[in-house]
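As provided, input_26.cif (mmCIF, C-alpha atoms) reads as follows.
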data_input
loop_
_atom_site.group_PDB
_atom_site.id
_atom_site.type_symbol
_atom_site.label_atom_id
_atom_site.label_comp_id
_atom_site.auth_asym_id
_atom_site.auth_seq_id
_atom_site.Cartn_x
_atom_site.Cartn_y
_atom_site.Cartn_z
ATOM 1 C CA MET A 9 -8.644 17.932 0.824
ATOM 2 C CA LYS A 10 -9.316 15.077 3.300
ATOM 3 C CA LYS A 11 -12.880 14.873 2.034
ATOM 4 C CA LEU A 12 -11.661 14.579 -1.559
ATOM 5 C CA ALA A 13 -9.148 11.873 -0.594
ATOM 6 C CA ALA A 14 -11.898 9.920 1.189
ATOM 7 C CA ILE A 15 -14.170 10.152 -1.865
ATOM 8 C CA VAL A 16 -11.377 8.979 -4.178
ATOM 9 C CA LEU A 17 -10.560 6.029 -1.910
ATOM 10 C CA PHE A 18 -14.241 5.105 -1.629
ATOM 11 C CA SER A 19 -14.623 5.272 -5.429
ATOM 12 C CA LEU A 20 -11.554 3.087 -5.929
ATOM 13 C CA ALA A 21 -12.910 0.547 -3.441
ATOM 14 C CA LEU A 22 -16.220 0.376 -5.290
ATOM 15 C CA THR A 23 -14.508 0.120 -8.675
ATOM 16 C CA SER A 24 -12.139 -2.623 -7.581
ATOM 17 C CA GLN A 25 -15.004 -4.621 -6.054
ATOM 18 C CA ALA A 26 -17.216 -4.378 -9.157
ATOM 19 C CA GLN A 27 -14.889 -6.093 -11.607
ATOM 20 C CA ILE A 28 -14.790 -9.418 -13.367
ATOM 21 C CA ALA A 29 -11.748 -11.498 -12.453
ATOM 22 C CA ASP A 30 -9.779 -13.238 -15.186
ATOM 23 C CA ALA A 31 -10.122 -16.658 -13.487
ATOM 24 C CA PRO A 32 -12.172 -18.217 -10.664
ATOM 25 C CA GLU A 33 -9.043 -18.413 -8.489
ATOM 26 C CA ASN A 34 -8.634 -14.625 -8.706
ATOM 27 C CA VAL A 35 -12.014 -13.410 -7.451
ATOM 28 C CA SER A 36 -12.154 -11.122 -4.419
ATOM 29 C CA PRO A 37 -15.343 -12.078 -2.575
ATOM 30 C CA LEU A 38 -16.886 -10.136 0.255
ATOM 31 C CA LEU A 39 -15.747 -11.637 3.546
ATOM 32 C CA ILE A 40 -17.272 -12.441 6.924
ATOM 33 C CA GLY A 41 -18.316 -9.234 8.653
ATOM 34 C CA GLU A 42 -18.904 -7.319 5.414
ATOM 35 C CA LYS A 43 -22.356 -6.269 4.256
ATOM 36 C CA ILE A 44 -24.036 -7.336 1.022
ATOM 37 C CA PRO A 45 -24.429 -4.219 -1.172
ATOM 38 C CA ASN A 46 -27.904 -3.157 -2.208
ATOM 39 C CA THR A 47 -28.300 -4.050 -5.889
ATOM 40 C CA GLU A 48 -31.192 -5.121 -8.084
ATOM 41 C CA LEU A 49 -32.189 -8.631 -9.116
ATOM 42 C CA SER A 50 -35.120 -10.013 -11.118
ATOM 43 C CA GLY A 51 -37.588 -12.429 -9.594
ATOM 44 C CA ILE A 52 -38.982 -15.466 -11.346
ATOM 45 C CA ASP A 53 -41.843 -13.215 -12.504
ATOM 46 C CA GLY A 54 -39.340 -10.840 -14.152
ATOM 47 C CA LYS A 55 -40.012 -8.001 -11.694
ATOM 48 C CA LYS A 56 -36.989 -6.090 -10.377
ATOM 49 C CA VAL A 57 -36.409 -6.153 -6.625
ATOM 50 C CA LYS A 58 -33.712 -4.590 -4.444
ATOM 51 C CA THR A 59 -31.567 -6.981 -2.431
ATOM 52 C CA ASP A 60 -32.243 -5.137 0.828
ATOM 53 C CA LYS A 61 -35.892 -6.235 0.415
ATOM 54 C CA ILE A 62 -34.861 -9.847 -0.293
ATOM 55 C CA PHE A 63 -32.291 -10.181 2.504
ATOM 56 C CA ASN A 64 -34.391 -8.508 5.202
ATOM 57 C CA LYS A 65 -34.160 -11.560 7.457
ATOM 58 C CA LYS A 66 -31.614 -14.269 8.209
ATOM 59 C CA THR A 67 -30.699 -15.831 4.886
ATOM 60 C CA VAL A 68 -28.826 -18.747 3.391
ATOM 61 C CA LEU A 69 -27.693 -17.277 0.072
ATOM 62 C CA VAL A 70 -26.631 -19.697 -2.657
ATOM 63 C CA VAL A 71 -25.040 -18.216 -5.787
ATOM 64 C CA TYR A 72 -24.813 -20.792 -8.565
ATOM 65 C CA ARG A 73 -23.706 -20.919 -12.197
ATOM 66 C CA GLY A 74 -27.074 -21.780 -13.755
ATOM 67 C CA GLY A 75 -29.759 -24.425 -14.213
ATOM 68 C CA TRP A 76 -27.672 -25.957 -17.012
ATOM 69 C CA CYS A 77 -24.963 -26.986 -14.506
ATOM 70 C CA PRO A 78 -25.407 -30.498 -13.035
ATOM 71 C CA TYR A 79 -23.333 -29.620 -9.944
ATOM 72 C CA CYS A 80 -25.573 -26.615 -9.329
ATOM 73 C CA ASN A 81 -28.718 -28.719 -9.719
ATOM 74 C CA ASN A 82 -27.364 -31.222 -7.189
ATOM 75 C CA GLN A 83 -26.628 -28.383 -4.773
ATOM 76 C CA LEU A 84 -30.096 -26.868 -5.240
ATOM 77 C CA ALA A 85 -31.675 -30.288 -4.628
ATOM 78 C CA ASP A 86 -29.514 -30.711 -1.506
ATOM 79 C CA MET A 87 -30.797 -27.354 -0.208
ATOM 80 C CA GLN A 88 -34.372 -28.462 -0.921
ATOM 81 C CA GLU A 89 -33.843 -31.637 1.125
ATOM 82 C CA ILE A 90 -32.801 -29.639 4.194
ATOM 83 C CA GLU A 91 -35.115 -26.672 3.607
ATOM 84 C CA SER A 92 -37.429 -27.481 6.523
ATOM 85 C CA ASP A 93 -34.434 -27.724 8.888
ATOM 86 C CA ILE A 94 -33.110 -24.383 7.625
ATOM 87 C CA LEU A 95 -36.525 -22.742 8.020
ATOM 88 C CA SER A 96 -36.894 -24.136 11.545
ATOM 89 C CA LEU A 97 -33.612 -22.411 12.453
ATOM 90 C CA GLY A 98 -35.122 -19.090 11.346
ATOM 91 C CA TYR A 99 -33.435 -18.724 7.946
ATOM 92 C CA GLN A 100 -34.791 -18.324 4.441
ATOM 93 C CA ILE A 101 -33.063 -19.800 1.377
ATOM 94 C CA VAL A 102 -32.378 -17.575 -1.628
ATOM 95 C CA ALA A 103 -30.582 -18.803 -4.764
ATOM 96 C CA ILE A 104 -29.188 -16.476 -7.441
ATOM 97 C CA SER A 105 -27.772 -17.247 -10.889
ATOM 98 C CA PRO A 106 -27.148 -15.497 -14.225
ATOM 99 C CA ASP A 107 -30.148 -17.382 -15.681
ATOM 100 C CA SER A 108 -33.049 -15.293 -16.980
ATOM 101 C CA PRO A 109 -36.391 -15.462 -15.102
ATOM 102 C CA SER A 110 -37.834 -17.921 -17.654
ATOM 103 C CA PHE A 111 -34.961 -20.345 -17.080
ATOM 104 C CA LEU A 112 -35.284 -19.866 -13.303
ATOM 105 C CA LYS A 113 -38.901 -20.990 -13.633
ATOM 106 C CA GLU A 114 -37.716 -24.053 -15.549
ATOM 107 C CA THR A 115 -35.167 -24.878 -12.803
ATOM 108 C CA GLU A 116 -37.747 -24.342 -10.057
ATOM 109 C CA THR A 117 -40.201 -26.710 -11.756
ATOM 110 C CA LYS A 118 -37.642 -29.353 -12.782
ATOM 111 C CA ASP A 119 -35.963 -29.500 -9.363
ATOM 112 C CA LYS A 120 -39.238 -29.012 -7.406
ATOM 113 C CA LEU A 121 -37.808 -26.107 -5.409
ATOM 114 C CA ASN A 122 -39.844 -24.243 -2.806
ATOM 115 C CA TYR A 123 -37.369 -21.481 -2.059
ATOM 116 C CA ALA A 124 -36.804 -18.195 -3.926
ATOM 117 C CA LEU A 125 -34.728 -17.998 -7.109
ATOM 118 C CA TYR A 126 -33.493 -14.686 -8.523
ATOM 119 C CA SER A 127 -31.835 -13.646 -11.769
ATOM 120 C CA ASP A 128 -28.551 -11.738 -11.998
ATOM 121 C CA SER A 129 -28.356 -11.923 -15.801
ATOM 122 C CA GLU A 130 -26.314 -8.744 -16.121
ATOM 123 C CA GLY A 131 -23.901 -9.790 -13.365
ATOM 124 C CA LYS A 132 -24.254 -6.659 -11.251
ATOM 125 C CA PHE A 133 -24.819 -8.641 -8.060
ATOM 126 C CA SER A 134 -22.011 -11.154 -8.709
ATOM 127 C CA GLN A 135 -19.648 -8.294 -9.476
ATOM 128 C CA ALA A 136 -20.751 -6.304 -6.418
ATOM 129 C CA ILE A 137 -19.975 -9.223 -4.113
ATOM 130 C CA GLY A 138 -16.706 -9.951 -5.922
ATOM 131 C CA ILE A 139 -17.356 -13.468 -7.275
ATOM 132 C CA ALA A 140 -17.699 -12.869 -11.048
ATOM 133 C CA PHE A 141 -15.025 -14.137 -13.405
ATOM 134 C CA ALA A 142 -14.532 -14.237 -17.170
ATOM 135 C CA ALA A 143 -16.113 -17.405 -18.534
ATOM 136 C CA PRO A 144 -14.249 -19.510 -21.077
ATOM 137 C CA GLU A 145 -15.203 -18.450 -24.626
ATOM 138 C CA LYS A 146 -16.835 -21.822 -25.312
ATOM 139 C CA TYR A 147 -19.563 -20.924 -22.780
ATOM 140 C CA GLY A 148 -20.603 -17.735 -24.633
ATOM 141 C CA LYS A 149 -23.521 -19.040 -26.710
ATOM 142 C CA MET A 150 -24.917 -21.147 -23.879
ATOM 143 C CA LEU A 151 -24.682 -18.287 -21.371
ATOM 144 C CA GLY A 152 -26.395 -16.020 -23.897
ATOM 145 C CA LYS A 153 -29.217 -18.499 -24.327
ATOM 146 C CA TYR A 154 -29.812 -18.939 -20.586
ATOM 147 C CA SER A 155 -29.598 -15.199 -19.830
ATOM 148 C CA ASP A 156 -31.766 -13.993 -22.740
ATOM 149 C CA ASP A 157 -28.562 -12.602 -24.298
ATOM 150 C CA LYS A 158 -27.747 -10.365 -21.330
ATOM 151 C CA ASN A 159 -24.599 -12.355 -20.502
ATOM 152 C CA THR A 160 -22.149 -14.112 -22.776
ATOM 153 C CA SER A 161 -18.970 -13.543 -20.835
ATOM 154 C CA PHE A 162 -19.076 -14.137 -17.065
ATOM 155 C CA LEU A 163 -19.844 -16.769 -14.448
ATOM 156 C CA PRO A 164 -20.071 -16.515 -10.677
ATOM 157 C CA VAL A 165 -17.874 -18.745 -8.546
ATOM 158 C CA PRO A 166 -20.392 -20.961 -6.681
ATOM 159 C CA THR A 167 -20.752 -19.435 -3.222
ATOM 160 C CA VAL A 168 -22.806 -19.887 -0.070
ATOM 161 C CA TYR A 169 -23.211 -16.971 2.329
ATOM 162 C CA VAL A 170 -25.097 -16.958 5.622
ATOM 163 C CA LEU A 171 -26.445 -13.472 6.299
ATOM 164 C CA ASN A 172 -27.971 -11.884 9.369
ATOM 165 C CA GLU A 173 -30.963 -9.493 9.264
ATOM 166 C CA LYS A 174 -28.632 -6.574 8.529
ATOM 167 C CA GLN A 175 -27.287 -8.282 5.353
ATOM 168 C CA GLU A 176 -23.950 -8.874 7.107
ATOM 169 C CA ILE A 177 -22.016 -12.030 6.243
ATOM 170 C CA GLU A 178 -21.708 -14.417 9.190
ATOM 171 C CA PHE A 179 -20.373 -17.424 7.255
ATOM 172 C CA MET A 180 -19.138 -18.057 3.738
ATOM 173 C CA TYR A 181 -18.110 -20.984 1.586
ATOM 174 C CA ILE A 182 -16.527 -20.397 -1.814
ATOM 175 C CA ASN A 183 -14.485 -22.767 -3.955
ATOM 176 C CA PRO A 184 -13.093 -21.962 -7.421
ATOM 177 C CA ASN A 185 -13.524 -25.654 -8.272
ATOM 178 C CA TYR A 186 -17.174 -25.605 -9.385
ATOM 179 C CA ALA A 187 -17.526 -29.358 -8.784
ATOM 180 C CA THR A 188 -16.898 -29.042 -5.037
ATOM 181 C CA ARG A 189 -19.916 -27.736 -3.114
ATOM 182 C CA LEU A 190 -20.835 -27.213 0.526
ATOM 183 C CA LYS A 191 -22.746 -30.244 1.794
ATOM 184 C CA GLY A 192 -26.134 -29.752 3.416
ATOM 185 C CA GLU A 193 -25.211 -31.456 6.691
ATOM 186 C CA LEU A 194 -22.194 -29.179 7.103
ATOM 187 C CA LEU A 195 -24.323 -26.115 6.420
ATOM 188 C CA LEU A 196 -26.848 -27.240 9.041
ATOM 189 C CA ALA A 197 -24.067 -27.688 11.575
ATOM 190 C CA VAL A 198 -22.886 -24.148 10.848
ATOM 191 C CA LEU A 199 -26.389 -22.690 11.172
ATOM 192 C CA LYS A 200 -26.937 -24.446 14.500
ATOM 193 C CA ASN A 201 -23.735 -22.891 15.837
ATOM 194 C CA LEU A 202 -24.244 -19.309 14.677
#

Rewrite the structure from the file as structure tokens, please.
Amino acid sequence: MKKLAAIVLFSLALTSQAQIADAPENVSPLLIGEKIPNTELSGIDGKKVKTDKIFNKKTVLVVYRGGWCPYCNNQLADMQEIESDILSLGYQIVAISPDSPSFLKETETKDKLNYALYSDSEGKFSQAIGIAFAAPEKYGKMLGKYSDDKNTSFLPVPTVYVLNEKQEIEFMYINPNYATRLKGELLLAVLKNL
């Protein structure tokens, strides 16, 4: 009986985590001390890769709305400017969006990014970490275009996680206001103090 109760509770926890919130203010993100679940993403080459292979060392994880978002592009460029400082502190940078691999390639080229970009077009990763929310209807066609029609209904709340080698969250920044992003100099200060 106890075993059954534990399984039911575990199932409910997984189900409640893997949902799409009705608004960005209502997401339930993973918190400091929790571990990033092992899900699958697509690389820029379109190949599927498990997140435990991506986050196998200290990582600055940036989840953004897409290459179509000017605030996201500014944030990605900000990360590129401080990339060498981040690398010298022993971290890698990984950025994830609902964009398809072809649009990731476009973003990488346009913004001259050196760090890894991954696709979460189906939203499994964003849902697993609790940051997906229902996008306004007016975004449907655009989201479909940028995700190769795998997504017409959700967006991730822009989030920055700092992970250790065990995929555990050591720092997080999330803001439902997509225009407000974590500044590079603040992130560097955090990394230097972890």

Quick one: 4 Å padding each side, axis-aligned, all listed atoms of region 162-174 of chain A - centre and edge lengths in Å to one decimal, as lines of an AutoDock Vina configuration file?
center_x = -24.4
center_y = -13.8
center_z = -3.8
size_x = 21.1
size_y = 22.4
size_z = 34.4

Interatomic distance (Å, one decimal) between CA of Gly51 (chain A) and CA of Tyr126 (chain A)
4.8 Å

For a test of reading the model, state the distance in Å between CA of Ala103 (chain A) and CA of Lys153 (chain A), rounded to one decimal.
19.6 Å

For Asp53 (chain A), please output as an MDAnalysis selection string all residues within 9 Å (counting all atoms listed in the file; exclusion window: fewer than 3 positions along the same chain).
chainID A and resid 50 56 109:110 113

Under the PyMOL selection byres ((chain A and resi 143) around 6), which residues of this model are included? Write them out as a PyMOL selection string.
chain A and resi 142+144+161-163

Would you mind listing what lies within 9 Å of Thr115 (chain A) as a PyMOL selection string, with only C-alpha atoms counted and same-chain residues fewer than 4 positions away left out?
chain A and resi 74-76+81+110-111+119-121+125

List the residues selected by the PyMOL selection byres ((chain A and resi 100) around 12) in the file shown, writing them as a ChimeraX atom specification.
/A:62-70,87-88,90-99,101-103,122-125,169-173,199

With the input short on atoms, add N, CA and C atoms back to region 44-79 of chain A and write it as a PDB file, keeping the file's coordinate frame.
ATOM      1  N   ILE A  44     -23.654  -7.159   2.422  1.00  0.00           N
ATOM      2  CA  ILE A  44     -24.036  -7.336   1.022  1.00  0.00           C
ATOM      3  C   ILE A  44     -24.523  -5.987   0.499  1.00  0.00           C
ATOM      4  N   PRO A  45     -23.986  -5.507  -0.630  1.00  0.00           N
ATOM      5  CA  PRO A  45     -24.429  -4.219  -1.172  1.00  0.00           C
ATOM      6  C   PRO A  45     -25.854  -4.312  -1.713  1.00  0.00           C
ATOM      7  N   ASN A  46     -26.535  -3.198  -1.716  1.00  0.00           N
ATOM      8  CA  ASN A  46     -27.904  -3.157  -2.208  1.00  0.00           C
ATOM      9  C   ASN A  46     -27.887  -2.999  -3.724  1.00  0.00           C
ATOM     10  N   THR A  47     -28.217  -4.060  -4.430  1.00  0.00           N
ATOM     11  CA  THR A  47     -28.300  -4.050  -5.889  1.00  0.00           C
ATOM     12  C   THR A  47     -29.685  -4.537  -6.290  1.00  0.00           C
ATOM     13  N   GLU A  48     -29.888  -4.701  -7.587  1.00  0.00           N
ATOM     14  CA  GLU A  48     -31.192  -5.121  -8.084  1.00  0.00           C
ATOM     15  C   GLU A  48     -31.082  -6.487  -8.743  1.00  0.00           C
ATOM     16  N   LEU A  49     -32.080  -7.320  -8.488  1.00  0.00           N
ATOM     17  CA  LEU A  49     -32.189  -8.631  -9.116  1.00  0.00           C
ATOM     18  C   LEU A  49     -33.578  -8.731  -9.739  1.00  0.00           C
ATOM     19  N   SER A  50     -33.790  -9.749 -10.563  1.00  0.00           N
ATOM     20  CA  SER A  50     -35.120 -10.013 -11.118  1.00  0.00           C
ATOM     21  C   SER A  50     -35.660 -11.290 -10.500  1.00  0.00           C
ATOM     22  N   GLY A  51     -36.929 -11.238 -10.112  1.00  0.00           N
ATOM     23  CA  GLY A  51     -37.588 -12.429  -9.594  1.00  0.00           C
ATOM     24  C   GLY A  51     -37.988 -13.348 -10.726  1.00  0.00           C
ATOM     25  N   ILE A  52     -38.530 -14.480 -10.363  1.00  0.00           N
ATOM     26  CA  ILE A  52     -38.982 -15.466 -11.346  1.00  0.00           C
ATOM     27  C   ILE A  52     -40.062 -14.880 -12.256  1.00  0.00           C
ATOM     28  N   ASP A  53     -40.793 -13.884 -11.737  1.00  0.00           N
ATOM     29  CA  ASP A  53     -41.843 -13.215 -12.504  1.00  0.00           C
ATOM     30  C   ASP A  53     -41.291 -12.104 -13.397  1.00  0.00           C
ATOM     31  N   GLY A  54     -39.975 -11.872 -13.338  1.00  0.00           N
ATOM     32  CA  GLY A  54     -39.340 -10.840 -14.152  1.00  0.00           C
ATOM     33  C   GLY A  54     -39.315  -9.471 -13.506  1.00  0.00           C
ATOM     34  N   LYS A  55     -39.986  -9.305 -12.369  1.00  0.00           N
ATOM     35  CA  LYS A  55     -40.012  -8.001 -11.694  1.00  0.00           C
ATOM     36  C   LYS A  55     -38.704  -7.746 -10.965  1.00  0.00           C
ATOM     37  N   LYS A  56     -38.230  -6.493 -11.052  1.00  0.00           N
ATOM     38  CA  LYS A  56     -36.989  -6.090 -10.377  1.00  0.00           C
ATOM     39  C   LYS A  56     -37.267  -5.907  -8.891  1.00  0.00           C
ATOM     40  N   VAL A  57     -36.295  -6.322  -8.070  1.00  0.00           N
ATOM     41  CA  VAL A  57     -36.409  -6.153  -6.625  1.00  0.00           C
ATOM     42  C   VAL A  57     -35.023  -5.854  -6.053  1.00  0.00           C
ATOM     43  N   LYS A  58     -34.973  -4.953  -5.097  1.00  0.00           N
ATOM     44  CA  LYS A  58     -33.712  -4.590  -4.444  1.00  0.00           C
ATOM     45  C   LYS A  58     -33.322  -5.682  -3.444  1.00  0.00           C
ATOM     46  N   THR A  59     -32.032  -5.908  -3.326  1.00  0.00           N
ATOM     47  CA  THR A  59     -31.567  -6.981  -2.431  1.00  0.00           C
ATOM     48  C   THR A  59     -31.847  -6.685  -0.962  1.00  0.00           C
ATOM     49  N   ASP A  60     -31.937  -5.407  -0.582  1.00  0.00           N
ATOM     50  CA  ASP A  60     -32.243  -5.137   0.828  1.00  0.00           C
ATOM     51  C   ASP A  60     -33.664  -5.564   1.184  1.00  0.00           C
ATOM     52  N   LYS A  61     -34.530  -5.717   0.185  1.00  0.00           N
ATOM     53  CA  LYS A  61     -35.892  -6.235   0.415  1.00  0.00           C
ATOM     54  C   LYS A  61     -35.881  -7.768   0.466  1.00  0.00           C
ATOM     55  N   ILE A  62     -34.957  -8.380  -0.268  1.00  0.00           N
ATOM     56  CA  ILE A  62     -34.861  -9.847  -0.293  1.00  0.00           C
ATOM     57  C   ILE A  62     -34.187 -10.360   0.976  1.00  0.00           C
ATOM     58  N   PHE A  63     -33.087  -9.722   1.369  1.00  0.00           N
ATOM     59  CA  PHE A  63     -32.291 -10.181   2.504  1.00  0.00           C
ATOM     60  C   PHE A  63     -32.662  -9.431   3.786  1.00  0.00           C
ATOM     61  N   ASN A  64     -33.954  -9.250   4.020  1.00  0.00           N
ATOM     62  CA  ASN A  64     -34.391  -8.508   5.202  1.00  0.00           C
ATOM     63  C   ASN A  64     -34.600  -9.400   6.424  1.00  0.00           C
ATOM     64  N   LYS A  65     -34.184 -10.654   6.314  1.00  0.00           N
ATOM     65  CA  LYS A  65     -34.160 -11.560   7.457  1.00  0.00           C
ATOM     66  C   LYS A  65     -32.990 -12.523   7.289  1.00  0.00           C
ATOM     67  N   LYS A  66     -32.756 -13.341   8.294  1.00  0.00           N
ATOM     68  CA  LYS A  66     -31.614 -14.269   8.209  1.00  0.00           C
ATOM     69  C   LYS A  66     -31.755 -15.121   6.945  1.00  0.00           C
ATOM     70  N   THR A  67     -30.642 -15.235   6.222  1.00  0.00           N
ATOM     71  CA  THR A  67     -30.699 -15.831   4.886  1.00  0.00           C
ATOM     72  C   THR A  67     -29.530 -16.764   4.637  1.00  0.00           C
ATOM     73  N   VAL A  68     -29.844 -17.898   4.007  1.00  0.00           N
ATOM     74  CA  VAL A  68     -28.826 -18.747   3.391  1.00  0.00           C
ATOM     75  C   VAL A  68     -28.860 -18.376   1.913  1.00  0.00           C
ATOM     76  N   LEU A  69     -27.792 -17.749   1.449  1.00  0.00           N
ATOM     77  CA  LEU A  69     -27.693 -17.277   0.072  1.00  0.00           C
ATOM     78  C   LEU A  69     -26.800 -18.223  -0.723  1.00  0.00           C
ATOM     79  N   VAL A  70     -27.364 -18.790  -1.774  1.00  0.00           N
ATOM     80  CA  VAL A  70     -26.631 -19.697  -2.657  1.00  0.00           C
ATOM     81  C   VAL A  70     -26.499 -19.011  -4.015  1.00  0.00           C
ATOM     82  N   VAL A  71     -25.270 -18.761  -4.449  1.00  0.00           N
ATOM     83  CA  VAL A  71     -25.040 -18.216  -5.787  1.00  0.00           C
ATOM     84  C   VAL A  71     -24.489 -19.365  -6.628  1.00  0.00           C
ATOM     85  N   TYR A  72     -25.200 -19.649  -7.729  1.00  0.00           N
ATOM     86  CA  TYR A  72     -24.813 -20.792  -8.565  1.00  0.00           C
ATOM     87  C   TYR A  72     -24.669 -20.372 -10.020  1.00  0.00           C
ATOM     88  N   ARG A  73     -24.042 -21.244 -10.806  1.00  0.00           N
ATOM     89  CA  ARG A  73     -23.706 -20.919 -12.197  1.00  0.00           C
ATOM     90  C   ARG A  73     -24.915 -20.889 -13.123  1.00  0.00           C
ATOM     91  N   GLY A  74     -25.875 -21.757 -12.910  1.00  0.00           N
ATOM     92  CA  GLY A  74     -27.074 -21.780 -13.755  1.00  0.00           C
ATOM     93  C   GLY A  74     -27.739 -23.140 -13.734  1.00  0.00           C
ATOM     94  N   GLY A  75     -28.984 -23.180 -14.189  1.00  0.00           N
ATOM     95  CA  GLY A  75     -29.759 -24.425 -14.213  1.00  0.00           C
ATOM     96  C   GLY A  75     -29.216 -25.453 -15.189  1.00  0.00           C
ATOM     97  N   TRP A  76     -28.305 -25.058 -16.048  1.00  0.00           N
ATOM     98  CA  TRP A  76     -27.672 -25.957 -17.012  1.00  0.00           C
ATOM     99  C   TRP A  76     -26.542 -26.771 -16.364  1.00  0.00           C
ATOM    100  N   CYS A  77     -26.123 -26.376 -15.172  1.00  0.00           N
ATOM    101  CA  CYS A  77     -24.963 -26.986 -14.506  1.00  0.00           C
ATOM    102  C   CYS A  77     -25.404 -28.141 -13.597  1.00  0.00           C
ATOM    103  N   PRO A  78     -24.970 -29.371 -13.867  1.00  0.00           N
ATOM    104  CA  PRO A  78     -25.407 -30.498 -13.035  1.00  0.00           C
ATOM    105  C   PRO A  78     -24.963 -30.389 -11.574  1.00  0.00           C
ATOM    106  N   TYR A  79     -23.802 -29.793 -11.320  1.00  0.00           N
ATOM    107  CA  TYR A  79     -23.333 -29.620  -9.944  1.00  0.00           C
ATOM    108  C   TYR A  79     -24.231 -28.633  -9.197  1.00  0.00           C
TER     109      TYR A  79
END
